[in-house]
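What's in target.cif: mmCIF, C-alpha atoms
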```cif
data_entry
loop_
_atom_site.label_atom_id
_atom_site.label_comp_id
_atom_site.auth_asym_id
_atom_site.auth_seq_id
_atom_site.Cartn_x
_atom_site.Cartn_y
_atom_site.Cartn_z
CA MET A 1 -133.23 -118.56 -138.75
CA ILE A 2 -135.15 -115.49 -137.55
CA ARG A 3 -132.84 -112.48 -137.76
CA VAL A 4 -133.57 -109.79 -135.15
CA LEU A 5 -132.21 -106.26 -134.83
CA ILE A 6 -132.28 -104.45 -131.48
CA ALA A 7 -131.94 -100.68 -131.05
CA ASP A 8 -131.89 -99.31 -127.50
CA ASP A 9 -129.59 -96.79 -125.83
CA HIS A 10 -129.14 -98.96 -122.73
CA ALA A 11 -126.52 -101.71 -123.06
CA THR A 12 -128.14 -103.80 -120.32
CA VAL A 13 -131.46 -103.80 -122.17
CA ARG A 14 -129.78 -104.90 -125.41
CA GLN A 15 -127.90 -107.66 -123.58
CA GLY A 16 -131.03 -108.83 -121.79
CA LEU A 17 -133.08 -108.93 -124.97
CA THR A 18 -130.32 -110.81 -126.77
CA LEU A 19 -130.28 -113.48 -124.05
CA ILE A 20 -134.08 -113.79 -124.11
CA LEU A 21 -134.35 -114.04 -127.89
CA GLU A 22 -131.39 -116.34 -128.50
CA LYS A 23 -132.72 -118.82 -125.92
CA SER A 24 -135.63 -119.31 -128.28
CA PRO A 25 -134.86 -121.90 -130.99
CA GLY A 26 -134.22 -120.43 -134.40
CA MET A 27 -133.67 -116.83 -133.32
CA LYS A 28 -130.48 -114.83 -133.79
CA VAL A 29 -129.75 -111.19 -132.92
CA VAL A 30 -127.80 -110.07 -135.98
CA ALA A 31 -127.23 -106.45 -134.93
CA ASN A 32 -127.72 -104.16 -131.97
CA PHE A 33 -127.27 -100.42 -131.76
CA SER A 34 -127.46 -97.70 -129.12
CA ASN A 35 -128.88 -95.00 -131.40
CA GLY A 36 -131.27 -94.56 -134.29
CA THR A 37 -128.76 -93.12 -136.75
CA ASP A 38 -126.49 -96.18 -136.71
CA THR A 39 -129.57 -98.41 -136.95
CA LYS A 40 -130.82 -96.54 -140.00
CA ASN A 41 -127.39 -96.73 -141.67
CA TRP A 42 -127.08 -100.48 -141.03
CA LEU A 43 -130.54 -101.16 -142.42
CA GLY A 44 -129.60 -99.24 -145.54
CA THR A 45 -127.23 -102.04 -146.54
CA HIS A 46 -128.37 -105.05 -144.48
CA ASN A 47 -131.56 -106.97 -143.81
CA CYS A 48 -133.27 -108.53 -140.81
CA ASP A 49 -136.64 -110.18 -140.22
CA VAL A 50 -137.83 -108.13 -137.24
CA ALA A 51 -136.64 -104.85 -135.71
CA LEU A 52 -137.10 -104.03 -131.99
CA LEU A 53 -136.83 -100.29 -131.42
CA ASP A 54 -136.83 -98.14 -128.33
CA ILE A 55 -138.56 -94.75 -128.57
CA ALA A 56 -136.02 -92.55 -126.80
CA MET A 57 -132.62 -92.86 -128.47
CA PRO A 58 -129.91 -90.31 -129.28
CA GLY A 59 -129.53 -89.27 -132.90
CA MET A 60 -132.65 -90.45 -134.69
CA ASN A 61 -135.30 -91.53 -132.17
CA GLY A 62 -137.53 -94.57 -132.57
CA ILE A 63 -140.50 -92.53 -133.77
CA ASP A 64 -138.59 -90.95 -136.64
CA LEU A 65 -136.86 -94.24 -137.44
CA LEU A 66 -140.23 -96.00 -137.67
CA LYS A 67 -141.45 -93.34 -140.09
CA HIS A 68 -138.30 -93.80 -142.20
CA LEU A 69 -138.62 -97.59 -142.23
CA ARG A 70 -142.25 -97.49 -143.29
CA LYS A 71 -141.04 -95.75 -146.46
CA GLU A 72 -137.78 -97.59 -147.08
CA LYS A 73 -138.63 -101.08 -145.78
CA PRO A 74 -142.43 -101.28 -145.66
CA LYS A 75 -142.44 -105.07 -145.25
CA LEU A 76 -140.13 -105.08 -142.21
CA PRO A 77 -142.13 -105.68 -139.00
CA VAL A 78 -141.17 -103.15 -136.33
CA LEU A 79 -141.86 -103.82 -132.65
CA ILE A 80 -141.64 -100.88 -130.30
CA LEU A 81 -140.23 -101.81 -126.89
CA SER A 82 -140.39 -98.88 -124.51
CA SER A 83 -140.45 -97.84 -120.87
CA TYR A 84 -143.24 -95.35 -121.66
CA PRO A 85 -146.69 -96.49 -120.50
CA GLU A 86 -148.90 -97.87 -123.25
CA ASP A 87 -151.43 -95.10 -122.91
CA GLN A 88 -148.86 -92.50 -123.95
CA TYR A 89 -147.52 -93.87 -127.22
CA ALA A 90 -148.95 -97.27 -128.18
CA VAL A 91 -152.00 -96.24 -130.21
CA ARG A 92 -150.14 -93.45 -132.00
CA LEU A 93 -147.24 -95.70 -133.01
CA ILE A 94 -149.44 -98.59 -134.12
CA LYS A 95 -151.39 -96.17 -136.31
CA ALA A 96 -148.03 -94.96 -137.65
CA GLY A 97 -147.16 -98.47 -138.78
CA ALA A 98 -145.59 -100.30 -135.83
CA ALA A 99 -146.40 -104.01 -135.81
CA GLY A 100 -146.72 -103.96 -132.03
CA TYR A 101 -145.91 -102.18 -128.78
CA LEU A 102 -144.34 -103.79 -125.71
CA ASN A 103 -143.63 -102.26 -122.34
CA LYS A 104 -140.12 -103.05 -121.06
CA GLU A 105 -141.67 -104.51 -117.92
CA CYS A 106 -143.35 -107.29 -119.91
CA ALA A 107 -142.43 -110.95 -119.34
CA PRO A 108 -139.58 -112.43 -121.45
CA GLU A 109 -141.91 -114.94 -123.10
CA GLU A 110 -144.11 -112.05 -124.26
CA VAL A 111 -141.19 -110.61 -126.27
CA VAL A 112 -140.64 -113.96 -128.01
CA SER A 113 -144.37 -114.35 -128.63
CA ALA A 114 -144.55 -110.84 -130.12
CA VAL A 115 -141.69 -111.57 -132.53
CA HIS A 116 -143.37 -114.74 -133.78
CA SER A 117 -146.71 -112.94 -134.06
CA VAL A 118 -145.49 -110.07 -136.24
CA LEU A 119 -143.46 -112.46 -138.40
CA GLY A 120 -146.74 -114.19 -139.15
CA GLY A 121 -148.16 -110.93 -140.47
CA LYS A 122 -150.19 -110.12 -137.36
CA ARG A 123 -150.14 -107.11 -135.08
CA TYR A 124 -149.04 -107.70 -131.50
CA ILE A 125 -151.41 -105.61 -129.41
CA SER A 126 -152.02 -106.06 -125.70
CA PRO A 127 -155.60 -106.11 -124.35
CA ALA A 128 -155.01 -102.65 -122.86
CA VAL A 129 -154.10 -101.20 -126.27
CA VAL A 130 -157.06 -102.94 -127.93
CA GLU A 131 -159.30 -101.19 -125.41
CA MET A 132 -157.65 -97.82 -126.11
CA LEU A 133 -158.13 -98.28 -129.86
CA ALA A 134 -161.78 -99.12 -129.31
CA ASP A 135 -162.23 -96.05 -127.09
CA GLU A 136 -160.66 -93.84 -129.75
CA LEU A 137 -162.95 -95.18 -132.47
CA SER A 138 -165.94 -94.40 -130.28
CA ILE A 139 -165.13 -90.68 -130.13
CA PRO A 140 -167.91 -89.09 -132.24
CA ASP A 141 -166.37 -85.75 -133.11
CA GLY A 142 -163.09 -86.98 -134.51
CA LYS A 143 -159.71 -86.08 -133.10
CA LEU A 144 -158.90 -84.88 -129.63
CA PRO A 145 -156.57 -81.86 -129.50
CA HIS A 146 -153.44 -83.95 -128.79
CA ASP A 147 -154.27 -86.20 -131.77
CA THR A 148 -153.66 -83.25 -134.11
CA LEU A 149 -149.98 -83.12 -133.12
CA THR A 150 -147.23 -84.63 -135.24
CA ASN A 151 -145.20 -87.41 -133.64
CA ARG A 152 -142.37 -85.00 -132.79
CA GLU A 153 -144.81 -82.45 -131.34
CA TYR A 154 -146.48 -85.18 -129.31
CA GLN A 155 -143.11 -86.32 -127.97
CA ILE A 156 -142.33 -82.76 -126.83
CA PHE A 157 -145.87 -82.30 -125.50
CA LEU A 158 -145.40 -85.30 -123.16
CA GLN A 159 -142.11 -83.94 -121.88
CA LEU A 160 -143.63 -80.50 -121.26
CA ALA A 161 -146.51 -82.22 -119.48
CA SER A 162 -143.95 -83.93 -117.22
CA ALA A 163 -142.71 -80.47 -116.13
CA ARG A 164 -139.42 -80.71 -118.01
CA THR A 165 -137.86 -77.39 -118.99
CA VAL A 166 -137.15 -76.30 -122.55
CA SER A 167 -133.42 -76.75 -121.91
CA GLU A 168 -133.88 -80.27 -120.55
CA ILE A 169 -136.01 -81.29 -123.53
CA ALA A 170 -133.54 -79.74 -125.96
CA SER A 171 -130.71 -81.69 -124.37
CA SER A 172 -132.56 -85.02 -124.42
CA LEU A 173 -133.60 -84.64 -128.08
CA LYS A 174 -130.31 -83.11 -129.28
CA LEU A 175 -132.09 -79.99 -130.52
CA SER A 176 -131.61 -76.32 -129.76
CA ALA A 177 -133.63 -74.58 -127.06
CA LYS A 178 -134.95 -72.22 -129.73
CA THR A 179 -136.29 -75.16 -131.74
CA ILE A 180 -138.03 -76.60 -128.68
CA SER A 181 -139.55 -73.20 -127.90
CA THR A 182 -140.90 -73.05 -131.45
CA TYR A 183 -142.42 -76.50 -131.04
CA ARG A 184 -143.92 -75.46 -127.70
CA SER A 185 -145.62 -72.45 -129.29
CA ARG A 186 -146.97 -74.61 -132.11
CA ILE A 187 -148.27 -77.23 -129.66
CA LEU A 188 -150.08 -74.64 -127.54
CA GLU A 189 -151.61 -73.08 -130.65
CA LYS A 190 -152.80 -76.40 -132.08
CA MET A 191 -154.30 -77.48 -128.77
CA HIS A 192 -155.83 -74.06 -128.04
CA LEU A 193 -153.95 -73.77 -124.77
CA HIS A 194 -152.22 -70.72 -123.33
CA ASN A 195 -149.39 -71.93 -121.11
CA ASN A 196 -147.63 -74.95 -119.62
CA ALA A 197 -149.98 -75.09 -116.65
CA GLU A 198 -152.99 -75.57 -118.94
CA LEU A 199 -151.01 -78.12 -120.95
CA MET A 200 -150.20 -80.10 -117.79
CA ARG A 201 -153.83 -80.02 -116.65
CA TYR A 202 -154.93 -81.27 -120.07
CA ALA A 203 -152.42 -84.15 -119.89
CA ILE A 204 -153.59 -85.15 -116.39
CA ARG A 205 -157.27 -84.93 -117.38
CA ASN A 206 -156.67 -87.18 -120.37
CA LYS A 207 -154.41 -89.57 -118.43
CA LEU A 208 -151.36 -88.73 -120.56
CA ALA A 209 -149.07 -87.41 -117.84
CA GLN A 210 -146.56 -89.71 -116.15
#
```
Could you spell out this file's structure in structure tokens?
Amino acid sequence: MIRVLIADDHATVRQGLTLILEKSPGMKVVANFSNGTDTKNWLGTHNCDVALLDIAMPGMNGIDLLKHLRKEKPKLPVLILSSYPEDQYAVRLIKAGAAGYLNKECAPEEVVSAVHSVLGGKRYISPAVVEMLADELSIPDGKLPHDTLTNREYQIFLQLASARTVSEIASSLKLSAKTISTYRSRILEKMHLHNNAELMRYAIRNKLAQ
């Protein structure tokens, strides 16, 4: 029996995934959670064979949870299932240790195929992500400015690039506005930008803006 954990803050997504996976012979969803903190706590005392994580969750988000699991359960395959376009997060999360990245608009059979693939020790990477990885390896001078950001900084960078205010970002990430402002300053400094307008232009130029 393949034991699957699902973590997503939308109940309909969790229900839909459960139906898809449990229609496949030999699969059982053993736990599902709406936030990263409860997921982390459950995995501290229980086991599963594959974890499906959303990126944007209250409490501990999928990015931080992935980082935690790579330390605490390095052999557990983690599939990221997100509504964010592949070109925003896929390469970064695969390099951080995710076994694969799926867009929530993918076909049901692709989810099942991805679970079987990562259980077999393989990465599940779409052709689009393979192309992005190849493009990144072809960059001669190393990292682009946004590649120097930490995962949390990158998450905030994308929200700033989508014209979200400091208050809106603070609310969505359960952080203080002061903390987000500090991150914003750090992001601008690292990327050698001066203001949000330059940041947004950079994101559009590099096809990172939604």
Using all atoms listed in the file, the shortest atom-to-atom distance to A:Leu19 among A:Ile6, A:Ala99, A:Met200, A:Leu69 belongs to A:Ile6
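When all atoms listed in the file are used to compute distances to A:Val111, the closest of the residues A:Ile80, A:Val91, A:Leu188, A:Ala163 turns out to be A:Ile80.
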Name the residues captured by the PyMOL selection byres ((chain A and resi 113) around 12) when it is applied to the shown file; answer as a list in words.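 Applied to this file, the PyMOL selection byres ((chain A and resi 113) around 12) selects Ile20, Leu21, Ser24, Met27, Leu79, Gly100, Leu102, Cys106, Ala107, Pro108, Glu109, Glu110, Val111, Val112, Ala114, Val115, His116, Ser117, Val118, Leu119, Gly120, Lys122, Arg123, Tyr124, Ile125 and Ser126 of chain A.
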Those selected residues, please, written with C-alpha atoms and delivered as a PDB file, in the frame of the given file.
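again.pdb, written as the output of this step:
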```pdb
ATOM      1  CA  ILE A  20    -134.080-113.790-124.110  1.00  0.00           C
ATOM      2  CA  LEU A  21    -134.350-114.040-127.890  1.00  0.00           C
ATOM      3  CA  SER A  24    -135.630-119.310-128.280  1.00  0.00           C
ATOM      4  CA  MET A  27    -133.670-116.830-133.320  1.00  0.00           C
ATOM      5  CA  LEU A  79    -141.860-103.820-132.650  1.00  0.00           C
ATOM      6  CA  GLY A 100    -146.720-103.960-132.030  1.00  0.00           C
ATOM      7  CA  LEU A 102    -144.340-103.790-125.710  1.00  0.00           C
ATOM      8  CA  CYS A 106    -143.350-107.290-119.910  1.00  0.00           C
ATOM      9  CA  ALA A 107    -142.430-110.950-119.340  1.00  0.00           C
ATOM     10  CA  PRO A 108    -139.580-112.430-121.450  1.00  0.00           C
ATOM     11  CA  GLU A 109    -141.910-114.940-123.100  1.00  0.00           C
ATOM     12  CA  GLU A 110    -144.110-112.050-124.260  1.00  0.00           C
ATOM     13  CA  VAL A 111    -141.190-110.610-126.270  1.00  0.00           C
ATOM     14  CA  VAL A 112    -140.640-113.960-128.010  1.00  0.00           C
ATOM     15  CA  ALA A 114    -144.550-110.840-130.120  1.00  0.00           C
ATOM     16  CA  VAL A 115    -141.690-111.570-132.530  1.00  0.00           C
ATOM     17  CA  HIS A 116    -143.370-114.740-133.780  1.00  0.00           C
ATOM     18  CA  SER A 117    -146.710-112.940-134.060  1.00  0.00           C
ATOM     19  CA  VAL A 118    -145.490-110.070-136.240  1.00  0.00           C
ATOM     20  CA  LEU A 119    -143.460-112.460-138.400  1.00  0.00           C
ATOM     21  CA  GLY A 120    -146.740-114.190-139.150  1.00  0.00           C
ATOM     22  CA  LYS A 122    -150.190-110.120-137.360  1.00  0.00           C
ATOM     23  CA  ARG A 123    -150.140-107.110-135.080  1.00  0.00           C
ATOM     24  CA  TYR A 124    -149.040-107.700-131.500  1.00  0.00           C
ATOM     25  CA  ILE A 125    -151.410-105.610-129.410  1.00  0.00           C
ATOM     26  CA  SER A 126    -152.020-106.060-125.700  1.00  0.00           C
TER      27      SER A 126
END
```
Report the residues retrieved by the PyMOL selection byres ((chain A and resi 39-41) around 12) from the displayed file, expressed as a PyMOL selection string. chain A and resi 5-9+30-38+42-48+51-54+57-62+64-70+72-73
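Each of A:Ile94, A:Ile63, A:Leu149, A:Ala56 was checked against A:Lys190 using all atoms listed in the file; the smallest atom-to-atom distance is that of A:Leu149.
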With all atoms listed in the file as the basis for distance, which of A:Val50, A:Leu17, A:Val4, A:Ala203 is at the shortest distance from A:Pro77?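 Closest to A:Pro77 of all the choices is A:Val50.
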Quick one: what's the axis-aligned box for stretch 198-205 of chain A, all listed atoms, 4 Å on every side, centre and edges in Å to one decimal, as JSON?
```
{"center_x": -153.7, "center_y": -80.4, "center_z": -118.7, "size_x": 15.1, "size_y": 17.6, "size_z": 12.6}
```
Mind giving me the straight-line distance from atom CA of A:Lys23 to atom CA of A:Asp49 in Å, one decimal?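 So the answer is 17.2 Å.
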Which value, in Å to one decimal, gives the distance between atom CA of A:Ala98 and atom CA of A:Arg205?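 Computed distance, atom CA of A:Ala98 to atom CA of A:Arg205, equals 26.7 Å.
The spacing separating atom CA of A:Pro85 from atom CA of A:Ile156 amounts to 15.7 Å.
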Using all atoms listed in the file, which of the listed residues (A:Glu189, A:Ala177, A:Ser172, A:Val129) sits closest to A:Thr148?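 Closest to A:Thr148 of all the choices is A:Glu189.
Of the residues under consideration (A:Ala161, A:Arg184, A:Thr179, A:Gln88), A:Ala161 shows the shortest atom-to-atom contact distance to A:Glu198 when counting all atoms listed in the file.
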Contacts of A:Ile180 within 8 Å, all atoms listed in the file, excl. fewer than 6 positions in-chain, as an MDAnalysis selection string: chainID A and resid 156 166 169:170
Taking the file as shown, what set of residues would the PyMOL selection byres ((chain A and resi 83) around 7) give back, as a PyMOL selection string? chain A and resi 82+84-85+103-104
